[in-house]
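Participant: Structure supplied as work_23.txt; contents: compact mmCIF, C-alpha atoms.
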```txt
# COMPACT_ATOMS: atom_id res chain seq x y z
CA MET A 1 -18.84 15.52 -4.88
CA SER A 2 -19.65 19.11 -5.58
CA GLU A 3 -20.13 18.78 -9.36
CA ALA A 4 -23.61 19.19 -10.83
CA LEU A 5 -25.23 16.49 -12.90
CA PRO A 6 -24.46 16.86 -16.60
CA SER A 7 -27.51 18.18 -18.48
CA ASP A 8 -27.15 15.60 -21.25
CA MET A 9 -26.97 12.60 -18.93
CA ASN A 10 -29.62 10.11 -19.99
CA SER A 11 -31.81 9.65 -16.94
CA SER A 12 -34.26 7.39 -18.75
CA GLN A 13 -31.59 4.84 -19.69
CA HIS A 14 -31.78 1.93 -17.23
CA ALA A 15 -34.24 3.96 -15.15
CA GLY A 16 -33.86 3.13 -11.50
CA ARG A 17 -30.77 1.01 -12.09
CA ALA A 18 -27.37 2.51 -11.39
CA SER A 19 -24.48 1.69 -13.70
CA TRP A 20 -21.53 -0.17 -12.22
CA VAL A 21 -18.63 1.95 -13.40
CA ARG A 22 -17.44 2.67 -9.85
CA TRP A 23 -16.88 -1.05 -9.25
CA ARG A 24 -14.88 -1.35 -12.46
CA ILE A 25 -12.80 1.59 -11.23
CA VAL A 26 -12.16 -0.31 -7.98
CA ALA A 27 -11.19 -3.41 -9.98
CA LEU A 28 -8.62 -1.36 -11.91
CA LEU A 29 -7.35 0.22 -8.69
CA MET A 30 -6.93 -3.28 -7.27
CA ALA A 31 -4.97 -4.31 -10.38
CA LEU A 32 -2.69 -1.27 -10.03
CA SER A 33 -2.22 -1.99 -6.34
CA PHE A 34 -1.41 -5.64 -7.09
CA VAL A 35 1.25 -4.94 -9.74
CA SER A 36 2.71 -2.08 -7.71
CA TRP A 37 3.53 -4.37 -4.80
CA PHE A 38 4.42 -7.35 -6.97
CA ASN A 39 7.20 -5.22 -8.46
CA ARG A 40 8.38 -4.03 -5.05
CA ALA A 41 8.62 -7.51 -3.57
CA ASN A 42 10.09 -9.37 -6.54
CA ILE A 43 13.67 -8.19 -5.94
CA ALA A 44 13.64 -9.91 -2.53
CA ALA A 45 12.39 -13.12 -4.16
CA ALA A 46 15.05 -12.84 -6.87
CA TYR A 47 17.77 -12.35 -4.25
CA THR A 48 16.63 -15.28 -2.10
CA GLU A 49 16.44 -17.77 -4.98
CA ARG A 50 18.98 -16.54 -7.55
CA ILE A 51 21.03 -13.39 -7.06
CA GLN A 52 22.80 -14.34 -3.82
CA TYR A 53 24.13 -17.49 -5.49
CA GLN A 54 25.19 -15.81 -8.73
CA VAL A 55 26.67 -12.51 -7.45
CA ASP A 56 28.51 -11.65 -4.23
CA ILE A 57 25.83 -9.33 -2.76
CA SER A 58 25.16 -9.63 0.99
CA GLU A 59 21.88 -9.51 2.94
CA LYS A 60 22.67 -6.00 4.18
CA GLU A 61 23.48 -4.77 0.69
CA ILE A 62 20.29 -6.04 -0.89
CA GLY A 63 18.44 -4.77 2.18
CA ALA A 64 19.98 -1.35 1.55
CA VAL A 65 18.59 -1.46 -2.01
CA GLY A 66 15.13 -2.07 -0.55
CA THR A 67 15.63 0.76 1.93
CA ALA A 68 16.72 3.10 -0.89
CA PHE A 69 13.46 2.38 -2.74
CA PHE A 70 11.31 3.01 0.31
CA LEU A 71 13.21 6.14 1.39
CA VAL A 72 12.78 7.72 -2.05
CA TYR A 73 9.16 6.51 -2.02
CA ALA A 74 8.65 8.20 1.35
CA LEU A 75 10.39 11.46 0.38
CA PHE A 76 8.32 11.85 -2.80
CA MET A 77 5.06 10.63 -1.26
CA THR A 78 3.65 14.03 -0.35
CA PRO A 79 4.60 15.58 -3.73
CA GLY A 80 2.94 12.54 -5.30
CA GLY A 81 -0.24 13.30 -3.35
CA TRP A 82 -0.06 16.96 -4.40
CA PHE A 83 0.38 15.88 -8.05
CA SER A 84 -2.81 13.80 -7.75
CA ASP A 85 -4.73 16.74 -6.29
CA ARG A 86 -3.36 19.08 -8.96
CA PHE A 87 -3.65 16.94 -12.11
CA GLY A 88 -6.22 14.33 -11.12
CA THR A 89 -6.13 10.65 -10.28
CA ARG A 90 -6.44 9.48 -13.89
CA LEU A 91 -3.10 10.93 -14.98
CA SER A 92 -1.19 10.28 -11.75
CA LEU A 93 -2.15 6.59 -11.52
CA GLY A 94 -1.57 6.03 -15.24
CA LEU A 95 1.95 7.44 -14.96
CA MET A 96 2.47 5.33 -11.84
CA GLY A 97 1.68 2.08 -13.65
CA ILE A 98 3.76 2.90 -16.72
CA GLY A 99 6.73 4.22 -14.68
CA VAL A 100 6.86 1.27 -12.30
CA GLY A 101 6.68 -1.08 -15.29
CA VAL A 102 9.58 0.65 -17.06
CA PHE A 103 11.88 0.51 -14.03
CA ALA A 104 10.91 -3.07 -13.22
CA ALA A 105 12.04 -3.97 -16.73
CA LEU A 106 15.25 -1.96 -16.25
CA THR A 107 15.95 -4.01 -13.09
CA GLY A 108 16.06 -7.09 -15.27
CA SER A 109 18.08 -5.30 -17.95
CA ALA A 110 20.73 -4.52 -15.31
CA GLY A 111 21.02 -8.25 -14.66
CA LEU A 112 21.67 -8.87 -18.34
CA LEU A 113 24.25 -6.09 -18.60
CA PHE A 114 26.25 -6.61 -15.37
CA THR A 115 27.64 -9.81 -13.92
CA ASN A 116 29.94 -8.30 -11.26
CA ALA A 117 28.62 -7.35 -7.85
CA LEU A 118 29.59 -3.66 -7.68
CA PRO A 119 28.14 -2.40 -10.99
CA LEU A 120 25.03 -4.53 -10.52
CA LEU A 121 24.53 -3.17 -7.01
CA ILE A 122 24.94 0.43 -8.24
CA ALA A 123 22.43 -0.25 -11.02
CA PHE A 124 19.97 -1.68 -8.49
CA PHE A 125 20.28 1.44 -6.32
CA LEU A 126 19.66 3.79 -9.24
CA VAL A 127 16.85 1.86 -10.89
CA ARG A 128 14.94 0.94 -7.74
CA SER A 129 15.24 4.48 -6.35
CA ALA A 130 13.77 5.86 -9.59
CA MET A 131 10.99 3.29 -9.34
CA GLY A 132 10.25 4.67 -5.87
CA VAL A 133 9.53 8.11 -7.37
CA PHE A 134 6.98 6.75 -9.86
CA ALA A 135 5.32 4.46 -7.28
CA THR A 136 4.38 7.34 -4.96
CA PRO A 137 0.89 8.27 -6.27
CA MET A 138 -0.55 4.76 -5.88
CA TYR A 139 -2.26 5.03 -2.51
CA PRO A 140 -2.80 8.79 -2.07
CA ALA A 141 -4.36 8.89 -5.55
CA GLY A 142 -6.08 5.54 -5.05
CA SER A 143 -7.74 6.70 -1.84
CA ARG A 144 -8.60 10.01 -3.51
CA ALA A 145 -10.24 8.07 -6.35
CA VAL A 146 -12.25 6.02 -3.85
CA ALA A 147 -13.45 9.27 -2.22
CA GLU A 148 -14.46 10.59 -5.65
CA TRP A 149 -16.28 7.44 -6.74
CA PHE A 150 -18.00 6.21 -3.56
CA PRO A 151 -20.35 7.61 -0.92
CA PHE A 152 -18.74 8.03 2.48
CA ALA A 153 -20.35 4.96 4.06
CA GLN A 154 -18.77 2.68 1.43
CA ARG A 155 -15.30 4.21 1.32
CA ALA A 156 -13.67 2.13 4.04
CA GLY A 157 -14.89 -1.04 2.32
CA ALA A 158 -13.66 0.11 -1.10
CA ASN A 159 -10.31 1.17 0.38
CA GLY A 160 -10.07 -2.27 1.96
CA LEU A 161 -10.35 -3.87 -1.49
CA VAL A 162 -7.66 -1.63 -2.97
CA GLN A 163 -5.34 -1.98 0.00
CA GLY A 164 -5.94 -5.72 0.18
CA ALA A 165 -4.76 -6.22 -3.40
CA ALA A 166 -1.28 -5.08 -2.31
CA PRO A 167 -0.45 -8.03 -0.01
CA ILE A 168 -2.01 -10.38 -2.56
CA GLY A 169 0.58 -9.07 -4.99
CA THR A 170 3.27 -9.57 -2.37
CA ALA A 171 1.95 -13.01 -1.43
CA LEU A 172 1.93 -14.30 -4.98
CA THR A 173 5.37 -12.89 -5.80
CA PRO A 174 7.37 -15.87 -4.44
CA LEU A 175 5.09 -18.32 -6.27
CA LEU A 176 4.50 -16.54 -9.60
CA PHE A 177 7.85 -14.78 -9.86
CA GLY A 178 9.62 -17.87 -8.54
CA HIS A 179 8.15 -20.12 -11.23
CA LEU A 180 8.79 -17.44 -13.85
CA MET A 181 12.45 -17.37 -12.78
CA ASP A 182 12.53 -21.16 -13.07
CA ARG A 183 11.64 -20.78 -16.75
CA VAL A 184 13.49 -17.66 -17.93
CA ASP A 185 15.85 -16.75 -15.00
CA TRP A 186 15.51 -13.58 -12.99
CA PRO A 187 16.54 -10.80 -15.45
CA ARG A 188 13.94 -11.76 -18.08
CA ALA A 189 11.35 -12.36 -15.36
CA PHE A 190 11.71 -8.69 -14.37
CA ILE A 191 11.36 -7.58 -18.00
CA LEU A 192 8.16 -9.60 -18.52
CA THR A 193 6.48 -8.40 -15.33
CA GLY A 194 7.49 -4.82 -16.14
CA ALA A 195 5.73 -5.07 -19.50
CA ILE A 196 2.55 -6.38 -17.85
CA THR A 197 2.64 -3.58 -15.28
CA GLY A 198 2.96 -0.92 -17.97
CA ALA A 199 -0.03 -2.41 -19.80
CA VAL A 200 -2.17 -2.09 -16.66
CA GLY A 201 -1.18 1.59 -16.41
CA ILE A 202 -2.21 2.17 -20.03
CA LEU A 203 -5.55 0.41 -19.41
CA TRP A 204 -6.23 2.75 -16.48
CA LEU A 205 -5.49 5.81 -18.61
CA TRP A 206 -7.90 4.57 -21.27
CA TYR A 207 -10.85 3.70 -19.01
CA ALA A 208 -10.66 5.86 -15.88
CA ARG A 209 -11.73 9.46 -15.29
CA SER A 210 -10.89 11.67 -12.30
CA SER A 211 -14.59 12.39 -11.76
CA PRO A 212 -17.70 10.17 -12.17
CA ALA A 213 -19.53 13.06 -13.86
CA LYS A 214 -16.96 13.01 -16.67
CA HIS A 215 -17.20 9.27 -17.37
CA PRO A 216 -19.42 8.39 -20.35
CA GLY A 217 -20.49 5.11 -18.76
CA VAL A 218 -21.93 6.64 -15.57
CA ASN A 219 -25.72 7.16 -15.64
CA ARG A 220 -27.74 9.54 -13.50
CA GLU A 221 -28.70 6.90 -10.95
CA GLU A 222 -25.09 5.93 -10.27
CA LEU A 223 -24.01 9.54 -9.91
CA LEU A 224 -26.84 10.21 -7.46
CA ARG A 225 -25.86 7.11 -5.51
CA ILE A 226 -22.22 8.22 -5.36
CA GLN A 227 -23.30 11.60 -4.02
CA SER A 228 -25.61 10.09 -1.40
CA GLY A 229 -25.04 8.45 1.91
CA VAL A 230 -22.86 11.11 3.52
CA THR A 231 -22.86 10.78 7.29
CA GLU A 232 -20.57 13.00 9.33
CA PHE A 233 -18.42 14.32 6.50
CA GLN A 234 -19.22 16.37 3.44
CA ALA A 235 -19.18 14.68 0.06
CA ALA A 236 -15.71 14.25 -1.43
CA GLU A 237 -14.40 17.70 -2.17
CA THR A 238 -13.49 18.69 -5.70
CA PRO A 239 -9.67 18.55 -5.79
CA SER A 240 -8.11 22.00 -5.58
CA PRO A 241 -6.17 23.03 -8.71
CA ARG A 242 -3.41 24.29 -6.44
CA LEU A 243 -2.52 24.28 -2.80
CA GLU A 244 -4.29 27.23 -1.20
CA PRO A 245 -2.14 29.75 0.71
CA GLY A 246 -1.31 28.26 4.08
CA ALA A 247 -2.62 24.79 3.15
CA TRP A 248 0.72 23.09 3.86
CA ARG A 249 0.85 24.76 7.25
CA ARG A 250 -2.71 23.75 8.10
CA LEU A 251 -2.09 20.15 7.05
CA LEU A 252 1.14 19.83 9.03
CA ARG A 253 -0.39 21.52 12.07
CA ASN A 254 -3.35 19.18 12.22
CA ARG A 255 -2.58 17.10 15.29
CA ASN A 256 -4.65 14.16 14.11
CA LEU A 257 -2.91 13.93 10.73
CA VAL A 258 0.54 14.15 12.34
CA LEU A 259 -0.23 11.51 14.98
CA LEU A 260 -1.86 9.28 12.36
CA SER A 261 1.27 9.54 10.20
CA VAL A 262 3.63 8.69 13.07
CA SER A 263 1.47 5.73 14.10
CA TYR A 264 1.46 4.55 10.50
CA ALA A 265 5.27 4.56 10.57
CA ALA A 266 5.08 1.79 13.18
CA ILE A 267 2.73 -0.21 10.98
CA GLY A 268 4.99 0.39 7.99
CA TYR A 269 7.98 -1.06 9.83
CA PHE A 270 5.97 -4.12 10.85
CA GLU A 271 4.56 -4.78 7.39
CA TYR A 272 7.71 -4.13 5.38
CA LEU A 273 9.77 -6.41 7.59
CA PHE A 274 7.61 -9.35 6.56
CA ILE A 275 7.16 -8.22 2.97
CA PHE A 276 10.91 -8.08 2.45
CA TRP A 277 12.30 -10.82 4.69
CA THR A 278 9.64 -13.55 5.22
CA GLN A 279 10.75 -15.95 2.49
CA HIS A 280 14.42 -15.42 3.33
CA TYR A 281 13.70 -16.07 7.04
CA PHE A 282 11.94 -19.38 6.41
CA LYS A 283 14.50 -20.58 3.88
CA GLU A 284 17.72 -19.52 5.59
CA VAL A 285 16.78 -19.48 9.32
CA ARG A 286 14.05 -22.12 9.60
CA GLN A 287 15.84 -24.22 6.95
CA VAL A 288 12.77 -25.17 4.90
CA ASP A 289 13.05 -25.99 1.19
CA VAL A 290 12.44 -23.43 -1.57
CA GLU A 291 8.88 -24.50 -2.39
CA THR A 292 7.87 -24.46 1.28
CA SER A 293 9.45 -21.04 1.83
CA ARG A 294 7.46 -19.74 -1.15
CA LEU A 295 4.27 -21.23 0.28
CA TYR A 296 4.82 -19.86 3.81
CA SER A 297 5.64 -16.40 2.50
CA SER A 298 2.54 -16.40 0.34
CA MET A 299 0.31 -17.60 3.20
CA THR A 300 1.38 -14.84 5.58
CA ASN A 301 0.93 -12.10 2.99
CA LEU A 302 -2.43 -13.48 1.87
CA SER A 303 -3.47 -13.30 5.51
CA MET A 304 -2.65 -9.59 5.48
CA ALA A 305 -4.83 -9.21 2.38
CA ALA A 306 -7.70 -11.02 4.09
CA GLY A 307 -7.29 -8.70 7.07
CA MET A 308 -7.45 -5.63 4.81
CA PHE A 309 -10.65 -6.84 3.15
CA LEU A 310 -12.29 -7.72 6.46
CA GLY A 311 -11.04 -4.58 8.22
CA GLY A 312 -12.47 -2.33 5.54
CA GLY A 313 -15.84 -4.07 5.64
CA LEU A 314 -15.95 -4.09 9.45
CA ALA A 315 -15.05 -0.40 9.63
CA ALA A 316 -17.84 0.43 7.14
CA VAL A 317 -20.36 -1.44 9.33
CA LEU A 318 -19.11 0.24 12.50
CA VAL A 319 -19.27 3.71 10.91
CA ARG A 320 -22.91 3.17 9.96
CA ARG A 321 -23.71 1.94 13.45
CA PHE A 322 -21.60 4.13 15.74
CA GLY A 323 -20.44 7.05 13.57
CA ALA A 324 -17.00 7.98 12.29
CA ARG A 325 -15.43 8.94 15.63
CA ILE A 326 -15.81 5.40 16.99
CA GLY A 327 -16.25 3.32 13.86
CA LEU A 328 -12.98 4.34 12.22
CA VAL A 329 -10.92 4.03 15.41
CA ILE A 330 -11.95 0.66 16.87
CA VAL A 331 -10.43 -1.44 14.08
CA PRO A 332 -6.94 0.20 14.08
CA ILE A 333 -6.62 0.00 17.86
CA GLY A 334 -7.77 -3.62 18.05
CA GLY A 335 -5.72 -4.66 15.03
CA MET A 336 -2.45 -3.17 16.23
CA LEU A 337 -2.83 -4.68 19.71
CA ALA A 338 -3.71 -8.13 18.37
CA GLY A 339 -0.89 -8.00 15.81
CA ALA A 340 1.74 -7.28 18.45
CA VAL A 341 0.48 -10.08 20.72
CA PHE A 342 0.20 -12.68 17.95
CA LEU A 343 3.70 -11.88 16.74
CA LEU A 344 5.17 -12.48 20.19
CA ILE A 345 3.35 -15.83 20.35
CA ALA A 346 4.68 -16.74 16.88
CA ILE A 347 8.27 -16.13 17.93
CA GLY A 348 7.85 -18.61 20.78
CA ALA A 349 6.51 -21.37 18.54
CA LYS A 350 8.87 -24.31 18.09
CA GLU A 351 7.24 -25.85 15.04
CA ALA A 352 7.40 -23.93 11.75
CA ASN A 353 3.74 -24.71 10.99
CA TRP A 354 2.59 -23.18 14.26
CA MET A 355 4.78 -20.14 13.71
CA VAL A 356 3.17 -19.63 10.31
CA PHE A 357 -0.29 -19.92 11.88
CA TRP A 358 0.40 -17.16 14.44
CA LEU A 359 2.20 -15.01 11.87
CA CYS A 360 -0.87 -15.24 9.64
CA LEU A 361 -3.05 -14.02 12.49
CA ALA A 362 -0.61 -11.21 13.26
CA GLU A 363 -0.48 -10.01 9.66
CA ALA A 364 -4.27 -10.26 9.27
CA ALA A 365 -4.76 -8.18 12.42
CA VAL A 366 -2.37 -5.44 11.30
CA GLY A 367 -3.73 -5.53 7.76
CA SER A 368 -7.22 -4.80 9.10
CA THR A 369 -6.04 -1.35 10.19
CA GLU A 370 -5.20 -0.12 6.67
CA ALA A 371 -8.58 0.82 5.15
CA PRO A 372 -9.94 2.89 8.07
CA GLN A 373 -6.64 4.76 8.38
CA TRP A 374 -6.57 5.69 4.69
CA THR A 375 -10.21 6.78 4.94
CA ILE A 376 -9.34 9.02 7.88
CA ALA A 377 -6.31 10.53 6.11
CA ILE A 378 -8.33 11.48 3.01
CA GLU A 379 -11.15 12.98 5.08
CA LEU A 380 -8.78 14.96 7.31
CA GLY A 381 -7.34 16.67 4.22
CA GLY A 382 -10.64 17.90 2.75
CA ARG A 383 -10.01 19.44 -0.69
CA HIS A 384 -6.36 18.44 -0.34
CA GLY A 385 -7.19 14.84 0.57
CA ALA A 386 -4.53 13.22 -1.63
CA THR A 387 -1.89 15.60 -0.27
CA ALA A 388 -2.92 14.71 3.29
CA ALA A 389 -2.79 11.02 2.37
CA GLY A 390 0.68 11.63 0.94
CA ILE A 391 1.82 13.10 4.27
CA PHE A 392 0.25 10.14 6.07
CA ASN A 393 1.91 7.60 3.79
CA THR A 394 5.23 9.40 4.09
CA GLY A 395 5.15 8.47 7.76
CA GLY A 396 4.33 4.86 6.93
CA ASN A 397 7.11 4.55 4.43
CA ILE A 398 9.74 6.22 6.59
CA GLY A 399 9.02 3.47 9.09
CA GLY A 400 8.84 0.89 6.33
CA ALA A 401 12.10 2.05 4.76
CA LEU A 402 13.95 1.18 7.94
CA ALA A 403 12.82 -2.45 7.92
CA PRO A 404 14.77 -3.97 4.98
CA TYR A 405 18.12 -2.75 6.34
CA GLY A 406 17.18 -2.37 10.01
CA THR A 407 16.11 -5.99 10.42
CA PRO A 408 19.49 -7.59 9.58
CA PHE A 409 21.18 -4.76 11.51
CA ILE A 410 19.24 -5.61 14.70
CA LYS A 411 19.86 -9.30 14.02
CA ASP A 412 23.63 -8.70 13.93
CA LEU A 413 23.39 -6.49 17.02
CA PHE A 414 21.98 -9.50 18.89
CA ARG A 415 24.64 -11.89 17.54
CA GLY A 416 22.68 -13.19 14.58
CA ASN A 417 19.38 -13.57 16.44
CA TRP A 418 16.59 -13.08 13.89
CA ASN A 419 13.92 -13.50 16.58
CA ALA A 420 15.20 -10.42 18.41
CA ALA A 421 14.84 -8.38 15.22
CA ILE A 422 11.25 -9.60 14.82
CA VAL A 423 10.34 -8.89 18.46
CA ALA A 424 11.55 -5.30 17.93
CA SER A 425 8.78 -4.79 15.35
CA SER A 426 6.18 -5.86 17.94
CA ILE A 427 7.49 -3.26 20.40
CA ILE A 428 7.44 -0.56 17.71
CA LEU A 429 3.84 -1.48 16.87
CA LEU A 430 2.74 -1.02 20.49
CA LEU A 431 4.38 2.42 20.59
CA GLY A 432 2.41 3.40 17.49
CA LEU A 433 -0.79 2.09 19.08
CA SER A 434 -0.42 4.47 22.04
CA LEU A 435 -0.86 7.50 19.75
CA TRP A 436 -4.46 6.56 18.96
CA LEU A 437 -5.53 7.93 22.35
CA TRP A 438 -5.32 11.42 20.78
CA ILE A 439 -6.60 10.82 17.21
CA ASN A 440 -10.04 12.16 16.23
CA PRO A 441 -11.02 11.44 12.58
CA ARG A 442 -13.65 14.18 12.55
CA GLU A 443 -11.24 17.09 13.01
CA ARG A 444 -10.75 17.92 9.35
CA VAL A 445 -8.16 20.49 8.29
CA ALA A 446 -9.83 23.91 8.15
CA GLU A 447 -10.50 25.31 4.67
CA SER A 448 -9.42 28.83 3.79
```
Mind turning the file's structure into structure tokens?
Facilitator:
Amino acid sequence: MSEALPSDMNSSQHAGRASWVRWRIVALLMALSFVSWFNRANIAAAYTERIQYQVDISEKEIGAVGTAFFLVYALFMTPGGWFSDRFGTRLSLGLMGIGVGVFAALTGSAGLLFTNALPLLIAFFLVRSAMGVFATPMYPAGSRAVAEWFPFAQRAGANGLVQGAAPIGTALTPLLFGHLMDRVDWPRAFILTGAITGAVGILWLWYARSSPAKHPGVNREELLRIQSGVTEFQAAETPSPRLEPGAWRRLLRNRNLVLLSVSYAAIGYFEYLFIFWTQHYFKEVRQVDVETSRLYSSMTNLSMAAGMFLGGGLAAVLVRRFGARIGLVIVPIGGMLAGAVFLLIAIGAKEANWMVFWLCLAEAAVGSTEAPQWTIAIELGGRHGATAAGIFNTGGNIGGALAPYGTPFIKDLFRGNWNAAIVASSIILLLGLSLWLWINPRERVAES
């Protein structure tokens, strides 16, 4: 942080004890992350349990709806990062929560208005694509907020908490949204969850600030603590009010940011395959009952959340011990390698329980890579950290956007073999891993 301490800040209040506002900010970021992914994954749960039996919409068609969301999400990701740098994380994340909530509710409204396949499918494409636009600031702005509110040594751990809330949202979608559909059917379930999501966005707007120095609840001790503990990077830069001349060119020419983004595309494909298709795979391919498919889907995604929490904490420890160059790289390399291997073992498992066990390990391993990568992306961008994170996440979501439609496409290419489609994600992950030989997290984009 480059801002000076406010002159009227009461340094005698709670002398020696820092306030805890930054941890409340993380709790709100986790809530936003949770509802963001809950509303992305619920359409897959609705299709698996309701829509496919009520309307003649195929796997490929609903997969194309998921791909449309993620493609729009990817295309608007970098502008979403720029918006966060330009207008601050308070406004961008508040609009994200409210916008996602509105279009989640409109997804359910489409189900009430249309009963034929074609108009409903068109409505899904339009509504979910618009939702993709509003969802874009979540992680560029979230990581920017972590950089603003935490000293460098704690950022990987805080990012792990925020990132880990996403697969918890995904994991609980089959259970919570499934039981909600049991009570009110799928259209009204979307409307209710949309209202809750909008309320979280409003709560963020009310409580959060884009800078700790501007928050009335932050005392002098907490602000000093936030500004301390910098190791190999400067304190979080004050966001630039505009992109400096040549900033786009410098960001896109930074080899580390480009390679990081391409590698993240491989992770995106891996993660989105399981986010979108896990419950469907267990129910339709492994032939387990609805409740068991909900449970298995939740277990694998909760494993990814556990991996994100542990990966962030481990990266923070390694940074303090070995420095950023090693500490932020070890976890992504190890996680991607382990994830690919565990997935191949899972495919060979005969029993569904053993497959779930190995899938949980695979998702935990890949999930552990998230927090250090987001920390690197923000630091590489300097004053334009959210914009750099937007570029990085664009790569991840281009890869992720291919998974909802690409998975059934590969399955059909191999004569209905779902295992072949899953093995393909393991191969893609190993290709992304190879790029880490040339990534150095300390080579920040030069400032003008």
Participant: What lies within 7 Å of segment 25-42 of chain A using only C-alpha atoms, ignoring chain neighbours under 3 positions off, as an MDAnalysis selection string?
Facilitator: chainID A and resid 21:22 45:46 97 104 138 142 161:162 165:166 168:170 173 177 197 200 204 208 275:276
Participant: Show me, as a list in words, the residues that have an atom within 8 Å of Ser129 of chain A when counting only C-alpha atoms, minus same-chain residues fewer than 6 positions from it.
Facilitator: Ala68, Phe69, Phe70, Val72 and Tyr73 of chain A
Participant: Give me a file of those residues, with C-alpha atoms, as a compact mmCIF listing (two decimals), keeping the file's coordinate frame.
Facilitator:
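Result written to again07.txt:
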```txt
# COMPACT_ATOMS: atom_id res chain seq x y z
CA ALA A 68 16.72 3.10 -0.89
CA PHE A 69 13.46 2.38 -2.74
CA PHE A 70 11.31 3.01 0.31
CA VAL A 72 12.78 7.72 -2.05
CA TYR A 73 9.16 6.51 -2.02
```
Participant: Looking at A:Phe83, A:Tyr281, A:Phe190, A:Tyr269, which one is nearest to Asn417 of chain A, with distances taken over all atoms listed in the file?
Facilitator: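 Closest candidate: A:Tyr281.
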Participant: Do you have the atom CA of Ala340 of chain A-atom CA of Leu430 of chain A distance handy?
Facilitator: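 For atom CA of Ala340 of chain A relative to atom CA of Leu430 of chain A, the distance reads 6.7 Å.
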Participant: Can you check which parts of segment 119-194 of chain A lie within 7 Å of segment 360-382 of chain A? Per residue, the shortest pair of atoms and distance in Å to one decimal, counting all atoms listed in the file, sorted by chain and number, as CSV.
Facilitator:
```
residue,atom,partner,partner_atom,distance
A:Ser143,CA,A:Trp374,CA,6.7
A:Arg144,CA,A:Ile378,CA,6.7
A:Arg155,CA,A:Thr375,CA,6.8
A:Ala156,CA,A:Ala371,CA,5.4
A:Asn159,CA,A:Ala371,CA,5.1
A:Gly160,CA,A:Ala371,CA,4.7
A:Gln163,CA,A:Ala371,CA,6.7
```
Participant: Calculated over all atoms listed in the file, which of the candidates A:Thr193, A:Thr278, A:Thr78, A:Asn254 has the smallest distance to Phe392 of chain A?
Facilitator: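 Residue with the minimum atom-to-atom distance to Phe392 of chain A: A:Thr78.
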Participant: What does the distance from atom CA of Trp82 of chain A to atom CA of Ala389 of chain A come to in Å, to one decimal?
Facilitator: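 A separation of 9.4 Å between them.
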Participant: For segment 432-434 of chain A, list every protein, DNA or RNA residue within 6 Å, evaluated using all atoms listed in the file, and leave out those in the same chain fewer than 3 positions away; present the list as a list in words.
Facilitator: Ser263, Ala266 and Leu429 of chain A
Participant: Between A:Leu106, A:Ala44, A:Ala388, A:Leu126, which has the minimum distance to Arg250 of chain A (counting all atoms listed in the file)?
Facilitator: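 Selected residue with least distance to Arg250 of chain A: A:Ala388.
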Participant: Using all atoms listed in the file, which protein or nucleic acid residues come within 9 Å of Thr48 of chain A? Drop anything in the same chain fewer than 6 positions from it, and give the result as a PyMOL selection string.
Facilitator: chain A and resi 279-280+283-284
Participant: Excluding Tyr47 of chain A and any residue of its chain fewer than 4 positions from it, enumerate the residues within 12 Å of it, using only C-alpha atoms, and give them as an NGL selection string.
Facilitator: :A and (41-43 or 51-63 or 65-66 or 111 or 121 or 124 or 174 or 177-178 or 181 or 185-187 or 276-277 or 279-280)
Participant: What does the structure give for the distance between atom CA of Asp412 of chain A and atom CA of Leu175 of chain A, in Å to one decimal?
Facilitator: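 Taking atom CA of Asp412 of chain A and atom CA of Leu175 of chain A, their separation equals 29.1 Å.
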Participant: Write out N, CA and C atoms for segment 423-431 of chain A, as an mmCIF file, keeping the file's coordinate frame.
Facilitator:
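Saved file selection21.cif follows:
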```cif
data_model
loop_
_atom_site.group_PDB
_atom_site.id
_atom_site.type_symbol
_atom_site.label_atom_id
_atom_site.label_comp_id
_atom_site.auth_asym_id
_atom_site.auth_seq_id
_atom_site.Cartn_x
_atom_site.Cartn_y
_atom_site.Cartn_z
ATOM 1 N N VAL A 423 10.972 -9.395 17.238
ATOM 2 C CA VAL A 423 10.340 -8.890 18.460
ATOM 3 C C VAL A 423 10.376 -7.353 18.487
ATOM 4 N N ALA A 424 11.439 -6.764 17.960
ATOM 5 C CA ALA A 424 11.550 -5.300 17.930
ATOM 6 C C ALA A 424 10.379 -4.683 17.181
ATOM 7 N N SER A 425 9.907 -5.349 16.115
ATOM 8 C CA SER A 425 8.780 -4.790 15.350
ATOM 9 C C SER A 425 7.496 -4.814 16.180
ATOM 10 N N SER A 426 7.350 -5.799 17.059
ATOM 11 C CA SER A 426 6.180 -5.860 17.940
ATOM 12 C C SER A 426 6.190 -4.692 18.927
ATOM 13 N N ILE A 427 7.358 -4.384 19.462
ATOM 14 C CA ILE A 427 7.490 -3.260 20.400
ATOM 15 C C ILE A 427 7.183 -1.938 19.690
ATOM 16 N N ILE A 428 7.700 -1.774 18.487
ATOM 17 C CA ILE A 428 7.440 -0.560 17.710
ATOM 18 C C ILE A 428 5.949 -0.410 17.428
ATOM 19 N N LEU A 429 5.272 -1.525 17.144
ATOM 20 C CA LEU A 429 3.840 -1.480 16.870
ATOM 21 C C LEU A 429 3.048 -1.002 18.087
ATOM 22 N N LEU A 430 3.430 -1.447 19.270
ATOM 23 C CA LEU A 430 2.740 -1.020 20.490
ATOM 24 C C LEU A 430 2.962 0.466 20.763
ATOM 25 N N LEU A 431 4.141 0.979 20.433
ATOM 26 C CA LEU A 431 4.380 2.420 20.590
ATOM 27 C C LEU A 431 3.475 3.209 19.647
#
```
